[in-house]
>>> print(open('work_11.txt').read())   # compact mmCIF, C-alpha atoms and all ligand atoms
# COMPACT_ATOMS: atom_id res chain seq x y z
CA MET A 1 12.12 -53.78 -21.53
CA ALA A 2 12.99 -51.31 -18.76
CA ALA A 3 10.85 -51.55 -15.63
CA LEU A 4 10.84 -49.74 -12.29
CA PRO A 5 9.14 -50.39 -8.90
CA LEU A 6 6.04 -48.20 -8.84
CA MET A 7 4.23 -47.47 -5.57
CA GLU A 8 1.47 -45.27 -6.98
CA GLN A 9 0.59 -42.94 -9.82
CA PHE A 10 -1.92 -40.11 -9.89
CA TYR A 11 -2.86 -37.05 -11.89
CA THR A 12 -3.11 -34.03 -9.62
CA ILE A 13 -1.85 -30.51 -8.99
CA GLN A 14 1.83 -30.06 -8.09
CA GLY A 15 1.41 -28.87 -4.52
CA GLU A 16 4.90 -27.61 -3.70
CA GLY A 17 7.61 -25.24 -4.82
CA PHE A 18 8.15 -23.42 -8.11
CA ASN A 19 5.56 -25.40 -10.09
CA ALA A 20 2.84 -25.33 -7.41
CA GLY A 21 -0.62 -25.00 -8.89
CA ARG A 22 0.20 -26.71 -12.19
CA ALA A 23 -1.42 -29.95 -13.31
CA ALA A 24 1.02 -32.84 -13.20
CA TYR A 25 1.05 -36.63 -13.37
CA PHE A 26 2.97 -38.18 -10.46
CA LEU A 27 4.93 -41.43 -10.67
CA ARG A 28 6.03 -42.49 -7.18
CA LEU A 29 8.85 -45.03 -7.40
CA GLY A 30 9.56 -47.48 -4.57
CA GLY A 31 12.82 -47.53 -2.60
CA CYS A 32 14.49 -45.07 -0.22
CA ASP A 33 17.27 -45.51 2.34
CA VAL A 34 17.58 -41.88 3.45
CA GLY A 35 15.42 -42.45 6.53
CA CYS A 36 13.87 -39.05 7.30
CA VAL A 37 12.12 -39.39 10.68
CA TRP A 38 9.25 -37.18 9.49
CA CYS A 39 8.91 -38.63 5.96
CA ASP A 40 5.26 -38.42 4.87
CA VAL A 41 5.48 -41.49 2.60
CA LYS A 42 7.36 -44.18 4.56
CA GLU A 43 5.37 -46.89 2.72
CA SER A 44 7.61 -46.09 -0.25
CA TRP A 45 10.87 -47.11 1.45
CA ASP A 46 10.89 -50.85 0.67
CA ARG A 47 11.51 -51.14 -3.05
CA ASP A 48 10.55 -54.83 -3.06
CA ALA A 49 7.08 -54.02 -1.72
CA HIS A 50 6.07 -52.44 -5.04
CA PRO A 51 5.43 -54.07 -8.41
CA ARG A 52 7.87 -53.46 -11.24
CA VAL A 53 6.08 -51.66 -14.06
CA ALA A 54 7.36 -51.28 -17.62
CA VAL A 55 8.36 -47.77 -18.66
CA ALA A 56 6.11 -48.05 -21.72
CA ASP A 57 3.12 -48.79 -19.47
CA MET A 58 3.89 -45.76 -17.29
CA VAL A 59 4.06 -43.50 -20.33
CA ALA A 60 0.77 -44.90 -21.65
CA ALA A 61 -0.86 -44.15 -18.28
CA VAL A 62 0.47 -40.59 -18.33
CA THR A 63 -0.72 -39.81 -21.83
CA ALA A 64 -4.26 -40.97 -21.06
CA PHE A 65 -4.63 -37.61 -19.25
CA PRO A 66 -4.49 -34.14 -20.83
CA GLY A 67 -1.49 -32.81 -18.84
CA ARG A 68 2.09 -33.27 -20.05
CA ASN A 69 4.02 -32.40 -16.88
CA VAL A 70 5.31 -35.51 -15.13
CA VAL A 71 6.76 -35.53 -11.60
CA ILE A 72 9.04 -38.46 -10.79
CA THR A 73 9.16 -38.86 -7.04
CA GLY A 74 9.36 -41.60 -4.46
CA GLY A 75 10.90 -42.91 -2.37
CA GLU A 76 14.21 -41.68 -3.63
CA PRO A 77 13.87 -41.84 -7.42
CA LEU A 78 17.61 -41.45 -8.06
CA MET A 79 18.25 -44.86 -6.51
CA HIS A 80 17.17 -46.03 -9.99
CA ASP A 81 18.65 -45.36 -13.43
CA LEU A 82 16.05 -42.99 -14.90
CA THR A 83 17.60 -42.67 -18.38
CA ASP A 84 15.00 -44.84 -20.15
CA LEU A 85 12.04 -43.33 -18.29
CA THR A 86 12.90 -39.71 -19.09
CA ALA A 87 13.74 -40.57 -22.72
CA ALA A 88 10.37 -42.27 -23.14
CA LEU A 89 8.53 -39.36 -21.50
CA HIS A 90 10.28 -36.85 -23.74
CA GLY A 91 9.39 -39.06 -26.69
CA ALA A 92 5.75 -38.64 -25.67
CA ASN A 93 6.11 -34.84 -25.50
CA CYS A 94 6.14 -34.70 -21.72
CA GLN A 95 8.06 -32.41 -19.39
CA THR A 96 10.18 -34.29 -16.86
CA TRP A 97 10.30 -32.96 -13.31
CA ILE A 98 12.05 -34.72 -10.41
CA GLU A 99 11.72 -34.53 -6.62
CA THR A 100 14.96 -35.79 -5.06
CA SER A 101 16.98 -35.63 -1.86
CA GLY A 102 20.12 -35.39 -4.02
CA ALA A 103 21.73 -38.29 -2.17
CA TYR A 104 22.39 -40.29 -5.37
CA PRO A 105 23.92 -39.31 -8.74
CA LEU A 106 21.61 -37.82 -11.32
CA SER A 107 20.47 -40.07 -14.14
CA GLY A 108 17.98 -39.10 -16.83
CA ASP A 109 17.29 -35.86 -18.66
CA TRP A 110 15.33 -33.31 -16.60
CA ASP A 111 13.34 -30.18 -17.38
CA TRP A 112 13.02 -29.32 -13.67
CA ILE A 113 15.11 -30.59 -10.78
CA CYS A 114 13.89 -29.98 -7.23
CA VAL A 115 16.50 -30.95 -4.62
CA SER A 116 15.33 -31.26 -1.03
CA PRO A 117 18.48 -32.17 0.94
CA LYS A 118 18.28 -34.16 4.12
CA LYS A 119 20.37 -34.34 7.33
CA PHE A 120 19.94 -38.10 7.33
CA LYS A 121 22.00 -38.66 4.13
CA ALA A 122 23.96 -35.76 2.66
CA PRO A 123 23.23 -34.52 -0.88
CA LEU A 124 25.91 -34.85 -3.55
CA PRO A 125 27.53 -31.50 -4.46
CA GLU A 126 27.07 -32.12 -8.21
CA VAL A 127 23.32 -32.66 -7.76
CA LEU A 128 23.00 -29.45 -5.71
CA ARG A 129 24.81 -27.57 -8.48
CA GLN A 130 22.25 -28.76 -11.06
CA ALA A 131 19.17 -27.94 -8.98
CA HIS A 132 16.61 -25.57 -10.49
CA GLU A 133 14.99 -25.44 -7.08
CA LEU A 134 16.31 -25.99 -3.55
CA LYS A 135 13.52 -26.89 -1.14
CA ILE A 136 14.48 -27.03 2.54
CA ILE A 137 12.08 -28.67 4.99
CA VAL A 138 11.95 -26.64 8.20
CA PHE A 139 11.45 -28.81 11.28
CA ASN A 140 13.03 -26.49 13.83
CA GLN A 141 14.77 -23.13 14.16
CA SER A 142 18.24 -24.54 13.42
CA ASP A 143 17.09 -25.46 9.92
CA PHE A 144 17.42 -21.83 8.72
CA GLN A 145 21.20 -21.94 9.25
CA TRP A 146 21.29 -25.38 7.62
CA ALA A 147 19.30 -23.96 4.69
CA GLU A 148 21.89 -21.22 4.16
CA GLU A 149 24.72 -23.78 4.15
CA HIS A 150 23.00 -25.55 1.24
CA ALA A 151 22.06 -22.35 -0.56
CA ALA A 152 25.80 -21.63 -0.70
CA GLN A 153 26.24 -24.79 -2.80
CA VAL A 154 23.63 -24.17 -5.53
CA SER A 155 23.88 -21.97 -8.63
CA GLU A 156 22.96 -18.30 -8.59
CA HIS A 157 19.87 -19.17 -10.71
CA THR A 158 18.49 -21.77 -8.29
CA ARG A 159 15.16 -20.81 -6.71
CA LEU A 160 15.22 -21.11 -2.91
CA TYR A 161 12.22 -22.41 -0.93
CA LEU A 162 11.49 -22.98 2.76
CA GLN A 163 8.72 -25.51 3.40
CA PRO A 164 7.38 -26.32 6.87
CA GLU A 165 7.51 -29.94 7.97
CA TRP A 166 3.83 -30.88 7.98
CA SER A 167 3.44 -31.85 11.66
CA ARG A 168 5.27 -28.65 12.70
CA ALA A 169 3.59 -26.31 10.21
CA ALA A 170 1.58 -24.37 12.84
CA ARG A 171 4.80 -23.48 14.73
CA MET A 172 7.24 -23.14 11.83
CA THR A 173 5.20 -21.30 9.19
CA PRO A 174 5.22 -17.96 11.08
CA LEU A 175 9.02 -18.27 11.47
CA ILE A 176 9.37 -18.99 7.74
CA VAL A 177 7.24 -15.95 6.89
CA GLU A 178 9.45 -13.70 9.02
CA TYR A 179 12.64 -15.27 7.64
CA VAL A 180 11.55 -14.69 4.03
CA LYS A 181 10.68 -11.07 4.80
CA GLN A 182 14.19 -10.56 6.19
CA ASN A 183 15.93 -12.75 3.56
CA PRO A 184 14.01 -12.15 0.34
CA ARG A 185 16.12 -14.44 -1.82
CA TRP A 186 14.04 -17.20 -0.19
CA GLN A 187 10.37 -18.00 -0.90
CA VAL A 188 7.67 -19.81 1.08
CA SER A 189 6.55 -23.25 -0.12
CA LEU A 190 3.52 -24.93 1.44
CA GLN A 191 2.24 -28.45 0.80
CA THR A 192 -0.87 -26.94 -0.78
CA HIS A 193 -2.27 -30.35 -1.84
CA LYS A 194 -2.68 -31.22 1.86
CA TYR A 195 -4.74 -28.07 2.44
CA LEU A 196 -6.73 -28.82 -0.73
CA ASP A 197 -7.17 -32.45 0.40
CA ILE A 198 -6.05 -33.86 -2.94
CA PRO A 199 -3.27 -36.46 -3.59
C1 LIG B 201 8.37 -37.79 -0.10
S1 LIG B 201 9.69 -36.90 -0.82
C2 LIG B 201 10.17 -37.96 -2.20
C3 LIG B 201 11.32 -37.41 -3.03
C4 LIG B 201 12.70 -37.45 -2.37
N1 LIG B 201 12.93 -38.64 -1.62
C5 LIG B 201 12.89 -36.23 -1.49
O1 LIG B 201 12.87 -36.38 -0.27
O2 LIG B 201 13.07 -35.14 -2.06
C6 LIG B 201 8.86 -35.53 -1.69
C7 LIG B 201 8.97 -34.18 -1.04
O3 LIG B 201 8.23 -34.19 0.17
C8 LIG B 201 8.96 -33.53 1.17
N2 LIG B 201 8.48 -34.02 2.44
C9 LIG B 201 8.49 -35.30 2.88
N3 LIG B 201 7.92 -35.40 4.10
C10 LIG B 201 7.52 -34.16 4.44
C11 LIG B 201 6.87 -33.60 5.58
N4 LIG B 201 6.55 -34.36 6.64
N5 LIG B 201 6.61 -32.28 5.60
C12 LIG B 201 6.96 -31.49 4.54
N6 LIG B 201 7.58 -31.95 3.44
C13 LIG B 201 7.86 -33.27 3.38
C14 LIG B 201 10.40 -33.92 0.83
O4 LIG B 201 11.36 -33.08 1.43
C15 LIG B 201 10.39 -33.78 -0.66
O5 LIG B 201 10.63 -32.45 -1.03
N1 LIG B 202 0.09 -32.80 -5.05
C1 LIG B 202 1.29 -33.23 -4.67
N2 LIG B 202 2.36 -32.44 -4.88
C2 LIG B 202 3.58 -32.93 -4.52
N3 LIG B 202 4.79 -32.35 -4.71
C3 LIG B 202 5.75 -33.21 -4.29
C4 LIG B 202 5.15 -34.37 -3.83
C5 LIG B 202 5.91 -35.59 -3.50
O1 LIG B 202 5.48 -36.38 -2.67
O2 LIG B 202 6.97 -35.76 -4.11
C6 LIG B 202 3.77 -34.21 -3.95
C7 LIG B 202 2.61 -35.00 -3.67
O3 LIG B 202 2.63 -36.09 -3.09
N4 LIG B 202 1.40 -34.47 -4.07
S1 LIG B 203 14.45 -38.85 1.23
FE1 LIG B 203 12.34 -38.41 0.64
S2 LIG B 203 11.27 -40.42 0.51
FE2 LIG B 203 13.25 -40.75 1.52
S3 LIG B 203 12.75 -40.70 3.70
FE3 LIG B 203 13.34 -38.60 3.13
S4 LIG B 203 11.44 -37.55 2.52
FE4 LIG B 203 11.01 -39.75 2.59
MG MG B 204 4.18 -35.84 -1.09
>>> encode(input="work_11.txt", output="structure tokens", more="lines below")
Ligand SMILES: C[S@@+](CC[C@H](N)C(=O)[O-])C[C@H]1O[C@@H](n2cnc3c(N)ncnc32)[C@H](O)[C@@H]1O
Ligand SMILES: Nc1nc2[nH]cc(C(=O)O)c2c(=O)[nH]1
Ligand code: SF4
Ligand SMILES: [Mg+2]
Amino acid sequence: MAALPLMEQFYTIQGEGFNAGRAAYFLRLGGCDVGCVWCDVKESWDRDAHPRVAVADMVAAVTAFPGRNVVITGGEPLMHDLTDLTAALHGANCQTWIETSGAYPLSGDWDWICVSPKKFKAPLPEVLRQAHELKIIVFNQSDFQWAEEHAAQVSEHTRLYLQPEWSRAARMTPLIVEYVKQNPRWQVSLQTHKYLDIP
């Protein structure tokens, strides 16, 4: 029976990006070696710190709630083979959405792929090409140029988002607003769940 390290699971509202505002069940898998200095979930990094949970038990937990959108996040979820998990979720009529840095090869079958590349471990070109959504975290002014370098590597259909790093949001959000007005292929993404004070 397939099992994966699970840090936490919760039914909430997708706070970020294209699907913001939609009900979704989150499965946060343990394990990440990307090492973002500003990561807002560093407790996820050690995969051995989290219990291994059977895929069937995760699906049962999801389907106890009315929503059928499931976000697989972490940690870096693509450090694991997600083939069995996405197959089981599709078998239960769920939509599979992933939040990934793109640093590892894609496994699993995805209805929505959000790639948020990181300076600390480069994304794989083939993952960038398959992104439905590119979400760049803006920590300082130089990140706009870095965002454009990654936008050049995604498909013409990929939605482009600029999201302020949480601790820098007061300073960076006005710059993002101005950038989007001047470069309207981009959109603003905020971590709306943090403003709503929900998980
Ligand atoms: C915690 S990560 C987990 C998934 C994957 N490891 C990744 O980085 O995409 C989920 C999302 O939160 C974003 N994120 C993490 N820390 C953040 C912060 N301090 N401010 C804004 N966004 C953050 C990431 O860029 C990513 O889009
Ligand atoms: N509500 C809510 N939306 C989110 N979108 C991406 C998240 C993540 O940590 O992957 C996240 C999260 O942690 N909570
Ligand atoms: S890749 Fe994601 S989980 Fe890993 S350190 Fe960066 S933000 Fe955190
Ligand atoms: Mg989060």
>>> closest_atom_pairs(input="work_11.txt", of="stretch 71-137 of chain A", to="stretch 43-60 of chain A", cutoff="10 Å", atoms="only C-alpha atoms", output="CSV")
residue,atom,partner,partner_atom,distance
A:Gly74,CA,A:Ser44,CA,6.4
A:Gly75,CA,A:Ser44,CA,5.0
A:Glu76,CA,A:Trp45,CA,8.2
A:Met79,CA,A:Arg47,CA,9.8
A:Leu82,CA,A:Val55,CA,9.8
A:Asp84,CA,A:Val55,CA,7.4
A:Leu85,CA,A:Val55,CA,5.8
A:Thr86,CA,A:Val55,CA,9.3
A:Ala87,CA,A:Val55,CA,9.9
A:Ala88,CA,A:Val59,CA,7.0
A:Leu89,CA,A:Val59,CA,6.2
A:His90,CA,A:Val59,CA,9.7
A:Gly91,CA,A:Val59,CA,9.4
A:Ala92,CA,A:Val59,CA,7.4
A:Cys94,CA,A:Val59,CA,9.1
>>> closest_residue(input="work_11.txt", among="A:Leu106, A:Ala64, A:Cys114, A:Leu27", to="ligand LIG 201 (chain B)", atoms="all atoms listed in the file")
A:Cys114
>>> atom_distance(input="work_11.txt", atom1="atom CA of A:Lys119", atom2="atom CA of A:Cys36")
8.0 Å
>>> residues_near_ligand(input="work_11.txt", ligand="ligand LIG 203 (chain B)", cutoff="9 Å", atoms="all atoms listed in the file", output="compact mmCIF listing (two decimals) with C-alpha atoms, in the coordinates of the input")
# COMPACT_ATOMS: atom_id res chain seq x y z
CA GLY A 30 9.56 -47.48 -4.57
CA GLY A 31 12.82 -47.53 -2.60
CA CYS A 32 14.49 -45.07 -0.22
CA ASP A 33 17.27 -45.51 2.34
CA VAL A 34 17.58 -41.88 3.45
CA GLY A 35 15.42 -42.45 6.53
CA CYS A 36 13.87 -39.05 7.30
CA VAL A 37 12.12 -39.39 10.68
CA TRP A 38 9.25 -37.18 9.49
CA CYS A 39 8.91 -38.63 5.96
CA ASP A 40 5.26 -38.42 4.87
CA VAL A 41 5.48 -41.49 2.60
CA LYS A 42 7.36 -44.18 4.56
CA SER A 44 7.61 -46.09 -0.25
CA TRP A 45 10.87 -47.11 1.45
CA THR A 73 9.16 -38.86 -7.04
CA GLY A 74 9.36 -41.60 -4.46
CA GLY A 75 10.90 -42.91 -2.37
CA GLU A 76 14.21 -41.68 -3.63
CA PRO A 77 13.87 -41.84 -7.42
CA GLU A 99 11.72 -34.53 -6.62
CA THR A 100 14.96 -35.79 -5.06
CA SER A 101 16.98 -35.63 -1.86
CA GLY A 102 20.12 -35.39 -4.02
CA ALA A 103 21.73 -38.29 -2.17
CA SER A 116 15.33 -31.26 -1.03
CA PRO A 117 18.48 -32.17 0.94
CA LYS A 118 18.28 -34.16 4.12
CA PHE A 120 19.94 -38.10 7.33
CA LYS A 121 22.00 -38.66 4.13
>>> residues_near_ligand(input="work_11.txt", ligand="ligand LIG 202 (chain B)", cutoff="8 Å", atoms="only C-alpha atoms and all ligand atoms", output="VMD selection string")
chain A and resid 12 to 17 20 26 28 40 to 41 71 to 74 99 191 to 194 198 to 199
>>> closest_residue(input="work_11.txt", among="A:Ala122, A:Val127, A:Ala170, A:Val115", to="ligand LIG 201 (chain B)", atoms="all atoms listed in the file")
A:Val115
>>> atom_distance(input="work_11.txt", atom1="atom CA of A:Ala131", atom2="atom CA of A:Val154")
6.8 Å
>>> closest_residue(input="work_11.txt", among="A:Tyr161, A:Leu175, A:Trp166, A:Val180", to="ligand MG 204 (chain B)", atoms="all atoms listed in the file")
A:Trp166
>>> atom_distance(input="work_11.txt", atom1="atom CA of A:Glu165", atom2="atom MG of ligand MG 204 (chain B)")
11.3 Å
>>> residues_around(input="work_11.txt", residues="A:Thr96", least_positions_apart="3", cutoff="7 Å", atoms="only C-alpha atoms", output="PyMOL selection string")
chain A and resi 69-71+86+110-112
>>> residues_near_point(input="work_11.txt", point="(13.0, -21.6, -7.1)", cutoff="7 Å", atoms="only C-alpha atoms", output="compact mmCIF listing (two decimals) with C-alpha atoms, in the frame of the given file")
# COMPACT_ATOMS: atom_id res chain seq x y z
CA GLY A 17 7.61 -25.24 -4.82
CA PHE A 18 8.15 -23.42 -8.11
CA HIS A 132 16.61 -25.57 -10.49
CA GLU A 133 14.99 -25.44 -7.08
CA LEU A 134 16.31 -25.99 -3.55
CA THR A 158 18.49 -21.77 -8.29
CA ARG A 159 15.16 -20.81 -6.71
CA LEU A 160 15.22 -21.11 -2.91
CA TYR A 161 12.22 -22.41 -0.93
>>> closest_residue(input="work_11.txt", among="A:Phe10, A:Ile113, A:Ala147, A:Ala2", to="ligand MG 204 (chain B)", atoms="all atoms listed in the file")
A:Phe10
>>> closest_residue(input="work_11.txt", among="A:Asp143, A:Glu126, A:Glu148, A:Glu156", to="A:Met172", atoms="only C-alpha atoms")
A:Asp143
>>> residues_near_point(input="work_11.txt", point="(6.9, -19.4, -1.0)", cutoff="8 Å", atoms="all atoms listed in the file", output="list in words")
Gly17, Tyr161, Leu162, Gln163, Trp186, Gln187, Val188, Ser189 and Leu190 of chain A
